[in-house]
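Peer 1: File entry01.pdb follows (PDB, C-alpha atoms, pLDDT in the B column):
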MODEL        1
ATOM      1  CA  MET O  33       0.000   0.000   0.000  1.00 93.00           C
ATOM      2  CA  ASN O  34       2.949   2.321   0.700  1.00 96.00           C
ATOM      3  CA  THR O  35       4.157   1.695  -2.834  1.00 97.00           C
ATOM      4  CA  LEU O  36       0.765   2.470  -4.306  1.00 98.00           C
ATOM      5  CA  VAL O  37       0.547   5.735  -2.358  1.00 98.00           C
ATOM      6  CA  ALA O  38       4.034   6.665  -3.585  1.00 98.00           C
ATOM      7  CA  GLN O  39       2.969   5.900  -7.154  1.00 98.00           C
ATOM      8  CA  TYR O  40      -0.175   7.950  -6.612  1.00 98.00           C
ATOM      9  CA  LEU O  41       1.817  11.030  -5.587  1.00 98.00           C
ATOM     10  CA  GLU O  42       4.271  10.349  -8.414  1.00 98.00           C
ATOM     11  CA  ALA O  43       1.374  10.407 -10.912  1.00 98.00           C
ATOM     12  CA  TRP O  44       0.288  13.771  -9.497  1.00 98.00           C
ATOM     13  CA  ASN O  45       3.863  15.051  -9.853  1.00 98.00           C
ATOM     14  CA  THR O  46       4.333  13.988 -13.465  1.00 98.00           C
ATOM     15  CA  THR O  47       4.335  16.965 -15.809  1.00 97.00           C
ATOM     16  CA  ASP O  48       5.148  15.147 -19.073  1.00 97.00           C
ATOM     17  CA  ALA O  49       1.788  14.403 -20.685  1.00 97.00           C
ATOM     18  CA  ALA O  50       2.624  10.966 -22.088  1.00 98.00           C
ATOM     19  CA  ALA O  51       4.374   9.821 -18.940  1.00 98.00           C
ATOM     20  CA  ARG O  52       1.473  11.027 -16.837  1.00 98.00           C
ATOM     21  CA  LYS O  53      -1.041   9.169 -18.971  1.00 98.00           C
ATOM     22  CA  ALA O  54       0.963   5.967 -18.480  1.00 98.00           C
ATOM     23  CA  ALA O  55       1.282   6.578 -14.738  1.00 98.00           C
ATOM     24  CA  ILE O  56      -2.459   7.145 -14.401  1.00 98.00           C
ATOM     25  CA  ALA O  57      -3.217   3.907 -16.264  1.00 98.00           C
ATOM     26  CA  ARG O  58      -0.850   2.054 -13.941  1.00 98.00           C
ATOM     27  CA  VAL O  59      -2.199   3.501 -10.695  1.00 98.00           C
ATOM     28  CA  PHE O  60      -5.951   3.982 -11.261  1.00 98.00           C
ATOM     29  CA  THR O  61      -8.794   1.771 -12.457  1.00 98.00           C
ATOM     30  CA  GLU O  62     -10.467   2.870 -15.698  1.00 98.00           C
ATOM     31  CA  SER O  63     -13.574   4.093 -13.890  1.00 98.00           C
ATOM     32  CA  VAL O  64     -11.728   5.730 -10.987  1.00 98.00           C
ATOM     33  CA  GLY O  65     -13.708   8.339  -9.104  1.00 98.00           C
ATOM     34  CA  TYR O  66     -11.768  11.255  -7.636  1.00 98.00           C
ATOM     35  CA  VAL O  67     -13.525  13.860  -5.488  1.00 98.00           C
ATOM     36  CA  ASP O  68     -11.905  16.617  -3.466  1.00 98.00           C
ATOM     37  CA  PRO O  69     -13.432  19.966  -2.442  1.00 97.00           C
ATOM     38  CA  LEU O  70     -12.454  21.568  -5.772  1.00 95.00           C
ATOM     39  CA  VAL O  71     -12.567  18.718  -8.261  1.00 96.00           C
ATOM     40  CA  ALA O  72     -14.922  15.812  -8.967  1.00 98.00           C
ATOM     41  CA  VAL O  73     -13.871  13.648 -11.920  1.00 98.00           C
ATOM     42  CA  THR O  74     -14.368  10.126 -13.247  1.00 98.00           C
ATOM     43  CA  GLY O  75     -11.995   8.067 -15.377  1.00 98.00           C
ATOM     44  CA  HIS O  76      -8.433   8.429 -16.598  1.00 98.00           C
ATOM     45  CA  ASP O  77      -8.948  11.335 -19.001  1.00 98.00           C
ATOM     46  CA  GLU O  78     -10.795  13.549 -16.556  1.00 98.00           C
ATOM     47  CA  LEU O  79      -8.281  12.798 -13.813  1.00 98.00           C
ATOM     48  CA  ASP O  80      -5.435  13.579 -16.191  1.00 98.00           C
ATOM     49  CA  ALA O  81      -7.019  16.935 -16.994  1.00 98.00           C
ATOM     50  CA  ALA O  82      -7.436  17.672 -13.281  1.00 98.00           C
ATOM     51  CA  ILE O  83      -3.763  16.942 -12.604  1.00 98.00           C
ATOM     52  CA  ALA O  84      -2.690  19.016 -15.611  1.00 98.00           C
ATOM     53  CA  GLY O  85      -4.799  21.850 -14.223  1.00 97.00           C
ATOM     54  CA  VAL O  86      -2.909  21.797 -10.929  1.00 96.00           C
ATOM     55  CA  HIS O  87       0.436  21.968 -12.746  1.00 96.00           C
ATOM     56  CA  ALA O  88      -0.849  24.879 -14.850  1.00 96.00           C
ATOM     57  CA  GLN O  89      -1.977  26.710 -11.720  1.00 94.00           C
ATOM     58  CA  PHE O  90       1.083  25.919  -9.580  1.00 94.00           C
ATOM     59  CA  PRO O  91       4.039  25.330 -11.917  1.00 95.00           C
ATOM     60  CA  GLY O  92       6.971  23.614 -10.244  1.00 94.00           C
ATOM     61  CA  TRP O  93       5.105  22.656  -7.102  1.00 96.00           C
ATOM     62  CA  THR O  94       5.261  19.053  -5.976  1.00 97.00           C
ATOM     63  CA  PHE O  95       3.194  16.699  -3.879  1.00 98.00           C
ATOM     64  CA  THR O  96       4.958  14.905  -1.022  1.00 97.00           C
ATOM     65  CA  LEU O  97       3.720  12.447   1.552  1.00 98.00           C
ATOM     66  CA  ALA O  98       3.238  14.249   4.880  1.00 97.00           C
ATOM     67  CA  GLY O  99       2.842  11.459   7.384  1.00 96.00           C
ATOM     68  CA  PRO O 100       2.220   7.764   7.869  1.00 97.00           C
ATOM     69  CA  VAL O 101       0.284   5.633   5.399  1.00 98.00           C
ATOM     70  CA  ASP O 102      -2.523   3.956   7.368  1.00 98.00           C
ATOM     71  CA  ALA O 103      -4.025   1.021   5.484  1.00 98.00           C
ATOM     72  CA  HIS O 104      -6.322  -1.912   6.225  1.00 98.00           C
ATOM     73  CA  HIS O 105      -8.569  -4.092   4.076  1.00 98.00           C
ATOM     74  CA  ASP O 106      -8.759  -2.295   0.705  1.00 98.00           C
ATOM     75  CA  GLN O 107      -8.563   1.240   2.016  1.00 98.00           C
ATOM     76  CA  VAL O 108      -5.787   3.651   2.940  1.00 98.00           C
ATOM     77  CA  ARG O 109      -5.525   7.161   4.380  1.00 98.00           C
ATOM     78  CA  PHE O 110      -2.647   9.584   4.174  1.00 98.00           C
ATOM     79  CA  THR O 111      -1.848  13.292   4.330  1.00 98.00           C
ATOM     80  CA  TRP O 112       0.114  15.128   1.642  1.00 98.00           C
ATOM     81  CA  ASN O 113       1.775  18.478   1.170  1.00 97.00           C
ATOM     82  CA  LEU O 114       1.803  20.596  -1.969  1.00 97.00           C
ATOM     83  CA  GLY O 115       4.213  23.442  -2.455  1.00 96.00           C
ATOM     84  CA  PRO O 116       7.451  24.615  -4.075  1.00 95.00           C
ATOM     85  CA  VAL O 117      10.300  22.104  -4.052  1.00 92.00           C
ATOM     86  CA  ASP O 118      12.269  22.524  -0.804  1.00 86.00           C
ATOM     87  CA  GLY O 119       9.763  25.145   0.280  1.00 88.00           C
ATOM     88  CA  PRO O 120       7.065  25.015   2.933  1.00 90.00           C
ATOM     89  CA  ALA O 121       3.759  23.304   2.224  1.00 95.00           C
ATOM     90  CA  VAL O 122       1.264  25.777   0.832  1.00 96.00           C
ATOM     91  CA  VAL O 123      -1.556  23.266   0.595  1.00 96.00           C
ATOM     92  CA  VAL O 124      -2.088  20.297   2.905  1.00 97.00           C
ATOM     93  CA  GLY O 125      -4.544  17.637   1.880  1.00 98.00           C
ATOM     94  CA  PHE O 126      -5.840  14.345   3.147  1.00 98.00           C
ATOM     95  CA  ASP O 127      -7.024  11.432   1.024  1.00 98.00           C
ATOM     96  CA  VAL O 128      -8.751   8.160   1.600  1.00 98.00           C
ATOM     97  CA  ALA O 129      -8.293   5.782  -1.336  1.00 98.00           C
ATOM     98  CA  VAL O 130     -10.059   2.511  -2.082  1.00 98.00           C
ATOM     99  CA  VAL O 131      -8.070  -0.147  -3.924  1.00 98.00           C
ATOM    100  CA  GLU O 132      -9.376  -2.794  -6.329  1.00 98.00           C
ATOM    101  CA  ASN O 133      -7.018  -5.442  -7.696  1.00 97.00           C
ATOM    102  CA  GLY O 134      -3.947  -3.348  -7.004  1.00 97.00           C
ATOM    103  CA  ARG O 135      -5.189  -0.089  -8.482  1.00 98.00           C
ATOM    104  CA  ILE O 136      -6.985   2.874  -6.948  1.00 98.00           C
ATOM    105  CA  ALA O 137     -10.715   2.843  -7.710  1.00 98.00           C
ATOM    106  CA  LYS O 138     -11.826   5.761  -5.587  1.00 98.00           C
ATOM    107  CA  VAL O 139     -10.232   8.788  -3.944  1.00 98.00           C
ATOM    108  CA  LEU O 140     -12.115  10.759  -1.296  1.00 98.00           C
ATOM    109  CA  GLY O 141     -10.070  13.907  -0.790  1.00 98.00           C
ATOM    110  CA  PHE O 142     -10.233  16.683   1.785  1.00 98.00           C
ATOM    111  CA  LEU O 143      -8.169  19.802   2.379  1.00 98.00           C
ATOM    112  CA  ASP O 144      -6.530  20.638   5.707  1.00 97.00           C
ATOM    113  CA  LYS O 145      -4.744  23.829   4.654  1.00 96.00           C
ATOM    114  CA  VAL O 146      -5.375  26.139   1.723  1.00 93.00           C
ATOM    115  CA  PRO O 147      -3.721  29.439   0.839  1.00 85.00           C
ATOM    116  CA  ASP O 148      -5.438  32.597   2.021  1.00 76.00           C
ATOM    117  CA  ALA O 149      -7.425  34.259  -0.726  1.00 63.00           C
ATOM    118  CA  ALA O 150      -5.307  36.847  -2.551  1.00 51.00           C
TER     119      ALA O 150
ATOM    120  CA  MET P  95     -24.584  16.676   6.690  1.00 93.00           C
ATOM    121  CA  ASN P  96     -24.157  17.533  10.381  1.00 95.00           C
ATOM    122  CA  THR P  97     -27.589  16.063  11.036  1.00 97.00           C
ATOM    123  CA  LEU P  98     -26.731  12.870   9.184  1.00 98.00           C
ATOM    124  CA  VAL P  99     -23.509  12.470  11.160  1.00 98.00           C
ATOM    125  CA  ALA P 100     -25.445  13.007  14.406  1.00 98.00           C
ATOM    126  CA  GLN P 101     -27.959  10.357  13.302  1.00 98.00           C
ATOM    127  CA  TYR P 102     -25.088   8.060  12.400  1.00 98.00           C
ATOM    128  CA  LEU P 103     -23.605   8.276  15.908  1.00 98.00           C
ATOM    129  CA  GLU P 104     -27.118   7.968  17.386  1.00 98.00           C
ATOM    130  CA  ALA P 105     -27.599   4.701  15.460  1.00 98.00           C
ATOM    131  CA  TRP P 106     -24.321   3.421  16.909  1.00 98.00           C
ATOM    132  CA  ASN P 107     -25.497   4.418  20.392  1.00 98.00           C
ATOM    133  CA  THR P 108     -28.888   2.713  20.199  1.00 98.00           C
ATOM    134  CA  THR P 109     -29.008  -0.386  22.400  1.00 97.00           C
ATOM    135  CA  ASP P 110     -32.673  -1.303  21.912  1.00 97.00           C
ATOM    136  CA  ALA P 111     -32.753  -3.807  19.058  1.00 97.00           C
ATOM    137  CA  ALA P 112     -35.953  -2.627  17.370  1.00 98.00           C
ATOM    138  CA  ALA P 113     -35.057   1.053  17.670  1.00 98.00           C
ATOM    139  CA  ARG P 114     -31.597   0.366  16.293  1.00 98.00           C
ATOM    140  CA  LYS P 115     -33.000  -1.513  13.313  1.00 98.00           C
ATOM    141  CA  ALA P 116     -35.226   1.479  12.534  1.00 98.00           C
ATOM    142  CA  ALA P 117     -32.337   3.913  12.967  1.00 98.00           C
ATOM    143  CA  ILE P 118     -30.135   1.891  10.641  1.00 98.00           C
ATOM    144  CA  ALA P 119     -32.855   1.825   7.980  1.00 98.00           C
ATOM    145  CA  ARG P 120     -33.206   5.597   8.274  1.00 98.00           C
ATOM    146  CA  VAL P 121     -29.492   6.404   8.112  1.00 98.00           C
ATOM    147  CA  PHE P 122     -27.977   3.801   5.757  1.00 98.00           C
ATOM    148  CA  THR P 123     -28.761   2.569   2.245  1.00 98.00           C
ATOM    149  CA  GLU P 124     -29.782  -1.086   1.963  1.00 98.00           C
ATOM    150  CA  SER P 125     -26.437  -2.081   0.449  1.00 98.00           C
ATOM    151  CA  VAL P 126     -24.292   0.058   2.756  1.00 98.00           C
ATOM    152  CA  GLY P 127     -20.680  -0.987   3.012  1.00 98.00           C
ATOM    153  CA  TYR P 128     -18.925  -0.410   6.329  1.00 98.00           C
ATOM    154  CA  VAL P 129     -15.219  -1.158   6.736  1.00 98.00           C
ATOM    155  CA  ASP P 130     -13.015  -0.286   9.694  1.00 98.00           C
ATOM    156  CA  PRO P 131      -9.828  -2.054  10.835  1.00 97.00           C
ATOM    157  CA  LEU P 132     -11.821  -4.634  12.833  1.00 95.00           C
ATOM    158  CA  VAL P 133     -15.092  -4.992  10.925  1.00 96.00           C
ATOM    159  CA  ALA P 134     -16.090  -5.260   7.269  1.00 98.00           C
ATOM    160  CA  VAL P 135     -19.824  -5.655   6.701  1.00 98.00           C
ATOM    161  CA  THR P 136     -22.422  -5.082   3.998  1.00 98.00           C
ATOM    162  CA  GLY P 137     -26.121  -4.265   4.420  1.00 98.00           C
ATOM    163  CA  HIS P 138     -28.389  -3.405   7.326  1.00 98.00           C
ATOM    164  CA  ASP P 139     -28.379  -6.788   9.094  1.00 98.00           C
ATOM    165  CA  GLU P 140     -24.608  -7.180   9.140  1.00 98.00           C
ATOM    166  CA  LEU P 141     -24.141  -3.591  10.277  1.00 98.00           C
ATOM    167  CA  ASP P 142     -26.726  -4.128  13.006  1.00 98.00           C
ATOM    168  CA  ALA P 143     -24.821  -7.185  14.208  1.00 98.00           C
ATOM    169  CA  ALA P 144     -21.561  -5.217  14.214  1.00 98.00           C
ATOM    170  CA  ILE P 145     -23.088  -2.442  16.337  1.00 98.00           C
ATOM    171  CA  ALA P 146     -24.647  -4.984  18.709  1.00 98.00           C
ATOM    172  CA  GLY P 147     -21.215  -6.555  19.044  1.00 97.00           C
ATOM    173  CA  VAL P 148     -19.704  -3.260  20.198  1.00 96.00           C
ATOM    174  CA  HIS P 149     -22.406  -2.845  22.847  1.00 96.00           C
ATOM    175  CA  ALA P 150     -21.826  -6.411  24.022  1.00 96.00           C
ATOM    176  CA  GLN P 151     -18.101  -5.764  24.281  1.00 94.00           C
ATOM    177  CA  PHE P 152     -18.328  -2.290  25.843  1.00 94.00           C
ATOM    178  CA  PRO P 153     -21.641  -2.038  27.718  1.00 95.00           C
ATOM    179  CA  GLY P 154     -22.650   1.525  28.551  1.00 94.00           C
ATOM    180  CA  TRP P 155     -20.052   3.176  26.399  1.00 96.00           C
ATOM    181  CA  THR P 156     -21.198   5.827  23.961  1.00 97.00           C
ATOM    182  CA  PHE P 157     -19.998   7.360  20.716  1.00 98.00           C
ATOM    183  CA  THR P 158     -19.665  11.144  20.602  1.00 97.00           C
ATOM    184  CA  LEU P 159     -18.543  13.491  17.871  1.00 98.00           C
ATOM    185  CA  ALA P 160     -14.970  14.624  18.572  1.00 97.00           C
ATOM    186  CA  GLY P 161     -14.437  17.513  16.200  1.00 96.00           C
ATOM    187  CA  PRO P 162     -15.772  19.380  13.205  1.00 97.00           C
ATOM    188  CA  VAL P 163     -17.817  17.723  10.461  1.00 98.00           C
ATOM    189  CA  ASP P 164     -16.034  18.435   7.179  1.00 98.00           C
ATOM    190  CA  ALA P 165     -18.283  17.816   4.180  1.00 98.00           C
ATOM    191  CA  HIS P 166     -18.271  18.576   0.453  1.00 98.00           C
ATOM    192  CA  HIS P 167     -19.977  16.988  -2.544  1.00 98.00           C
ATOM    193  CA  ASP P 168     -21.382  13.673  -1.268  1.00 98.00           C
ATOM    194  CA  GLN P 169     -18.653  12.923   1.232  1.00 98.00           C
ATOM    195  CA  VAL P 170     -17.942  13.822   4.849  1.00 98.00           C
ATOM    196  CA  ARG P 171     -15.172  13.197   7.365  1.00 98.00           C
ATOM    197  CA  PHE P 172     -15.324  13.363  11.132  1.00 98.00           C
ATOM    198  CA  THR P 173     -13.618  12.040  14.261  1.00 98.00           C
ATOM    199  CA  TRP P 174     -15.470  10.319  17.087  1.00 98.00           C
ATOM    200  CA  ASN P 175     -14.775   9.193  20.631  1.00 97.00           C
ATOM    201  CA  LEU P 176     -15.961   5.993  22.289  1.00 97.00           C
ATOM    202  CA  GLY P 177     -15.881   5.503  26.033  1.00 96.00           C
ATOM    203  CA  PRO P 178     -17.869   5.521  29.252  1.00 95.00           C
ATOM    204  CA  VAL P 179     -20.467   8.298  29.577  1.00 92.00           C
ATOM    205  CA  ASP P 180     -18.765  11.342  31.120  1.00 86.00           C
ATOM    206  CA  GLY P 181     -15.472   9.461  31.044  1.00 88.00           C
ATOM    207  CA  PRO P 182     -12.416   9.933  28.849  1.00 90.00           C
ATOM    208  CA  ALA P 183     -12.368   8.553  25.317  1.00 95.00           C
ATOM    209  CA  VAL P 184     -10.950   5.043  25.289  1.00 96.00           C
ATOM    210  CA  VAL P 185     -11.195   4.655  21.533  1.00 96.00           C
ATOM    211  CA  VAL P 186     -10.849   7.434  18.979  1.00 97.00           C
ATOM    212  CA  GLY P 187     -11.897   6.771  15.421  1.00 98.00           C
ATOM    213  CA  PHE P 188     -12.142   8.601  12.156  1.00 98.00           C
ATOM    214  CA  ASP P 189     -14.690   7.959   9.412  1.00 98.00           C
ATOM    215  CA  VAL P 190     -15.225   9.092   5.876  1.00 98.00           C
ATOM    216  CA  ALA P 191     -18.796   8.495   4.748  1.00 98.00           C
ATOM    217  CA  VAL P 192     -20.279   8.673   1.261  1.00 98.00           C
ATOM    218  CA  VAL P 193     -23.899   9.782   0.970  1.00 98.00           C
ATOM    219  CA  GLU P 194     -26.452   8.764  -1.667  1.00 98.00           C
ATOM    220  CA  ASN P 195     -29.893  10.376  -1.694  1.00 97.00           C
ATOM    221  CA  GLY P 196     -29.647  11.430   1.912  1.00 97.00           C
ATOM    222  CA  ARG P 197     -28.456   8.135   3.365  1.00 98.00           C
ATOM    223  CA  ILE P 198     -24.977   6.770   4.006  1.00 98.00           C
ATOM    224  CA  ALA P 199     -23.894   4.291   1.326  1.00 98.00           C
ATOM    225  CA  LYS P 200     -20.324   3.712   2.418  1.00 98.00           C
ATOM    226  CA  VAL P 201     -18.238   4.179   5.547  1.00 98.00           C
ATOM    227  CA  LEU P 202     -14.446   4.034   5.405  1.00 98.00           C
ATOM    228  CA  GLY P 203     -13.341   3.885   9.000  1.00 98.00           C
ATOM    229  CA  PHE P 204      -9.937   4.180  10.669  1.00 98.00           C
ATOM    230  CA  LEU P 205      -8.786   4.117  14.277  1.00 98.00           C
ATOM    231  CA  ASP P 206      -6.654   6.843  15.850  1.00 97.00           C
ATOM    232  CA  LYS P 207      -6.531   5.483  19.379  1.00 96.00           C
ATOM    233  CA  VAL P 208      -7.171   1.988  20.686  1.00 93.00           C
ATOM    234  CA  PRO P 209      -6.795   0.593  24.212  1.00 85.00           C
ATOM    235  CA  ASP P 210      -3.521  -1.104  25.065  1.00 75.00           C
ATOM    236  CA  ALA P 211      -3.771  -4.867  24.914  1.00 64.00           C
ATOM    237  CA  ALA P 212      -4.608  -6.288  28.342  1.00 52.00           C
TER     238      ALA P 212
ENDMDL
END
Would you encode the structure as structure tokens?
Peer 2:
Amino acid sequence: MNTLVAQYLEAWNTTDAAARKAAIARVFTESVGYVDPLVAVTGHDELDAAIAGVHAQFPGWTFTLAGPVDAHHDQVRFTWNLGPVDGPAVVVGFDVAVVENGRIAKVLGFLDKVPDAA
Amino acid sequence: MNTLVAQYLEAWNTTDAAARKAAIARVFTESVGYVDPLVAVTGHDELDAAIAGVHAQFPGWTFTLAGPVDAHHDQVRFTWNLGPVDGPAVVVGFDVAVVENGRIAKVLGFLDKVPDAA
């Protein structure tokens, strides 16, 4: 499960379009559902567009794991940071993911820290 | 969503068998899936048995909400305490629930504090 979470964050960090498409196919089921406070998407293409949107909005920022990976049965929870490389976390999020046959079928995301409105 | 979470904890706190059955029918979809580190059940009857099992194991203990209810789209997260009435929390848990048409269709539960093994 730790590996899958690492691959999940890696997919979110991939800026090359072709590499990201391959990473998404590896990590997520075809009908994956991803819902966080700002984004609700279904399937590889919509998820890819959502990730591309984050890179467009925050160029150069990366996702990193921000604590332990807590897994049991087919579900896992973990907290992540998003921010400039080697900089402080600007966004802190929390995800619960549900796994089916080794790939993520559902992500239920929440946000613990968001930037103040400009 | 706050009301639904309150009803959820109320269902867990109901010791009378008939009242609990009614509460479960009100709060959960027929095919509800509930998974925490110790229990994985599907449907009203299995969930009812799981709740009855907690009361048998910890008579008189109650579930209380232990923090804010954070909801968006059809999902909600919250932390709860379990312990003697007016006593300290012995167990602390965290749930993400997914709602369909006003009832809970899925609970993804985790534990943040458990008693030391005797």
Peer 1: Skipping near chain neighbours, those fewer than 5 positions away, what residues fall within 6 Å of Val201 of chain P using all atoms listed in the file, listed as a PyMOL selection string?
Peer 2: chain P and resi 128+190-191
Peer 1: What does the file look like for those residues with C-alpha atoms, as a short mmCIF file (atom, residue, chain, number, x, y, z; two decimals), keeping the file's coordinate frame?
Peer 2:
data_model
loop_
_atom_site.label_atom_id
_atom_site.label_comp_id
_atom_site.auth_asym_id
_atom_site.auth_seq_id
_atom_site.Cartn_x
_atom_site.Cartn_y
_atom_site.Cartn_z
CA TYR P 128 -18.92 -0.41 6.33
CA VAL P 190 -15.22 9.09 5.88
CA ALA P 191 -18.80 8.49 4.75
#
Peer 1: Give the superposed chain O as a short mmCIF file (atom, residue, chain, number, x, y, z; two decimals) with C-alpha atoms, in the coordinates of the input, the fit being least squares on chain P over all ordered C-alpha pairs.
Peer 2:
data_model
loop_
_atom_site.label_atom_id
_atom_site.label_comp_id
_atom_site.auth_asym_id
_atom_site.auth_seq_id
_atom_site.Cartn_x
_atom_site.Cartn_y
_atom_site.Cartn_z
CA MET O 33 -24.58 16.66 6.69
CA ASN O 34 -24.16 17.54 10.39
CA THR O 35 -27.59 16.06 11.03
CA LEU O 36 -26.73 12.87 9.19
CA VAL O 37 -23.51 12.47 11.17
CA ALA O 38 -25.46 13.00 14.40
CA GLN O 39 -27.97 10.37 13.30
CA TYR O 40 -25.09 8.06 12.41
CA LEU O 41 -23.62 8.28 15.91
CA GLU O 42 -27.11 7.97 17.37
CA ALA O 43 -27.60 4.69 15.46
CA TRP O 44 -24.32 3.41 16.91
CA ASN O 45 -25.49 4.42 20.39
CA THR O 46 -28.88 2.71 20.21
CA THR O 47 -29.00 -0.39 22.39
CA ASP O 48 -32.69 -1.30 21.91
CA ALA O 49 -32.75 -3.81 19.05
CA ALA O 50 -35.95 -2.62 17.37
CA ALA O 51 -35.06 1.04 17.67
CA ARG O 52 -31.61 0.36 16.29
CA LYS O 53 -33.01 -1.51 13.31
CA ALA O 54 -35.24 1.48 12.53
CA ALA O 55 -32.35 3.92 12.97
CA ILE O 56 -30.14 1.90 10.64
CA ALA O 57 -32.86 1.83 7.96
CA ARG O 58 -33.21 5.60 8.27
CA VAL O 59 -29.49 6.40 8.11
CA PHE O 60 -27.98 3.79 5.76
CA THR O 61 -28.75 2.58 2.25
CA GLU O 62 -29.77 -1.08 1.97
CA SER O 63 -26.43 -2.09 0.46
CA VAL O 64 -24.29 0.06 2.76
CA GLY O 65 -20.67 -0.99 3.02
CA TYR O 66 -18.93 -0.41 6.35
CA VAL O 67 -15.22 -1.16 6.75
CA ASP O 68 -13.03 -0.29 9.70
CA PRO O 69 -9.84 -2.06 10.84
CA LEU O 70 -11.84 -4.63 12.84
CA VAL O 71 -15.09 -4.98 10.94
CA ALA O 72 -16.09 -5.26 7.27
CA VAL O 73 -19.83 -5.66 6.71
CA THR O 74 -22.43 -5.07 4.00
CA GLY O 75 -26.11 -4.26 4.42
CA HIS O 76 -28.39 -3.40 7.32
CA ASP O 77 -28.37 -6.78 9.08
CA GLU O 78 -24.61 -7.17 9.13
CA LEU O 79 -24.14 -3.59 10.28
CA ASP O 80 -26.72 -4.11 13.01
CA ALA O 81 -24.82 -7.17 14.21
CA ALA O 82 -21.56 -5.21 14.21
CA ILE O 83 -23.09 -2.44 16.33
CA ALA O 84 -24.65 -4.98 18.70
CA GLY O 85 -21.21 -6.55 19.05
CA VAL O 86 -19.70 -3.26 20.19
CA HIS O 87 -22.41 -2.83 22.83
CA ALA O 88 -21.83 -6.41 24.02
CA GLN O 89 -18.10 -5.76 24.29
CA PHE O 90 -18.33 -2.28 25.84
CA PRO O 91 -21.65 -2.04 27.71
CA GLY O 92 -22.65 1.51 28.56
CA TRP O 93 -20.05 3.17 26.37
CA THR O 94 -21.20 5.82 23.94
CA PHE O 95 -20.00 7.35 20.71
CA THR O 96 -19.67 11.14 20.59
CA LEU O 97 -18.55 13.48 17.86
CA ALA O 98 -14.98 14.62 18.57
CA GLY O 99 -14.46 17.53 16.22
CA PRO O 100 -15.78 19.37 13.20
CA VAL O 101 -17.83 17.72 10.47
CA ASP O 102 -16.04 18.43 7.18
CA ALA O 103 -18.28 17.80 4.18
CA HIS O 104 -18.27 18.57 0.46
CA HIS O 105 -19.97 16.99 -2.55
CA ASP O 106 -21.38 13.68 -1.26
CA GLN O 107 -18.65 12.92 1.24
CA VAL O 108 -17.95 13.81 4.85
CA ARG O 109 -15.17 13.19 7.38
CA PHE O 110 -15.33 13.36 11.14
CA THR O 111 -13.61 12.04 14.26
CA TRP O 112 -15.46 10.31 17.09
CA ASN O 113 -14.78 9.19 20.62
CA LEU O 114 -15.95 5.99 22.28
CA GLY O 115 -15.87 5.50 26.01
CA PRO O 116 -17.87 5.51 29.25
CA VAL O 117 -20.44 8.28 29.58
CA ASP O 118 -18.75 11.34 31.11
CA GLY O 119 -15.46 9.46 31.04
CA PRO O 120 -12.41 9.93 28.85
CA ALA O 121 -12.36 8.55 25.32
CA VAL O 122 -10.95 5.04 25.29
CA VAL O 123 -11.19 4.65 21.54
CA VAL O 124 -10.84 7.44 18.98
CA GLY O 125 -11.90 6.76 15.43
CA PHE O 126 -12.14 8.59 12.16
CA ASP O 127 -14.68 7.96 9.42
CA VAL O 128 -15.22 9.08 5.88
CA ALA O 129 -18.81 8.49 4.74
CA VAL O 130 -20.28 8.68 1.26
CA VAL O 131 -23.90 9.78 0.97
CA GLU O 132 -26.46 8.76 -1.66
CA ASN O 133 -29.89 10.38 -1.70
CA GLY O 134 -29.66 11.44 1.93
CA ARG O 135 -28.45 8.14 3.35
CA ILE O 136 -24.98 6.77 4.01
CA ALA O 137 -23.89 4.29 1.33
CA LYS O 138 -20.32 3.71 2.41
CA VAL O 139 -18.24 4.17 5.56
CA LEU O 140 -14.45 4.02 5.40
CA GLY O 141 -13.33 3.87 9.02
CA PHE O 142 -9.93 4.17 10.66
CA LEU O 143 -8.78 4.12 14.27
CA ASP O 144 -6.66 6.85 15.85
CA LYS O 145 -6.53 5.48 19.39
CA VAL O 146 -7.16 1.98 20.69
CA PRO O 147 -6.79 0.59 24.20
CA ASP O 148 -3.51 -1.07 25.07
CA ALA O 149 -3.73 -4.84 24.93
CA ALA O 150 -4.63 -6.27 28.34
#
Peer 1: Going by the chain IDs and residue numbers used in this file, which residues fall under the PyMOL selection byres ((chain P) within 12 of (chain O))? Write them as a ChimeraX atom specification.
Peer 2: /P:128-135,162-172,188-192,200-206
Peer 1: Based on the selection just made, write C-alpha atoms of those residues as a tab-separated table (two decimals), in the coordinates of the input.
Peer 2:
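Printed below is again31.tsv as written:
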chain	number	residue	atom	x	y	z
P	128	TYR	CA	-18.92	-0.41	6.33
P	129	VAL	CA	-15.22	-1.16	6.74
P	130	ASP	CA	-13.02	-0.29	9.69
P	131	PRO	CA	-9.83	-2.05	10.84
P	132	LEU	CA	-11.82	-4.63	12.83
P	133	VAL	CA	-15.09	-4.99	10.92
P	134	ALA	CA	-16.09	-5.26	7.27
P	135	VAL	CA	-19.82	-5.66	6.70
P	162	PRO	CA	-15.77	19.38	13.20
P	163	VAL	CA	-17.82	17.72	10.46
P	164	ASP	CA	-16.03	18.43	7.18
P	165	ALA	CA	-18.28	17.82	4.18
P	166	HIS	CA	-18.27	18.58	0.45
P	167	HIS	CA	-19.98	16.99	-2.54
P	168	ASP	CA	-21.38	13.67	-1.27
P	169	GLN	CA	-18.65	12.92	1.23
P	170	VAL	CA	-17.94	13.82	4.85
P	171	ARG	CA	-15.17	13.20	7.36
P	172	PHE	CA	-15.32	13.36	11.13
P	188	PHE	CA	-12.14	8.60	12.16
P	189	ASP	CA	-14.69	7.96	9.41
P	190	VAL	CA	-15.22	9.09	5.88
P	191	ALA	CA	-18.80	8.49	4.75
P	192	VAL	CA	-20.28	8.67	1.26
P	200	LYS	CA	-20.32	3.71	2.42
P	201	VAL	CA	-18.24	4.18	5.55
P	202	LEU	CA	-14.45	4.03	5.40
P	203	GLY	CA	-13.34	3.88	9.00
P	204	PHE	CA	-9.94	4.18	10.67
P	205	LEU	CA	-8.79	4.12	14.28
P	206	ASP	CA	-6.65	6.84	15.85
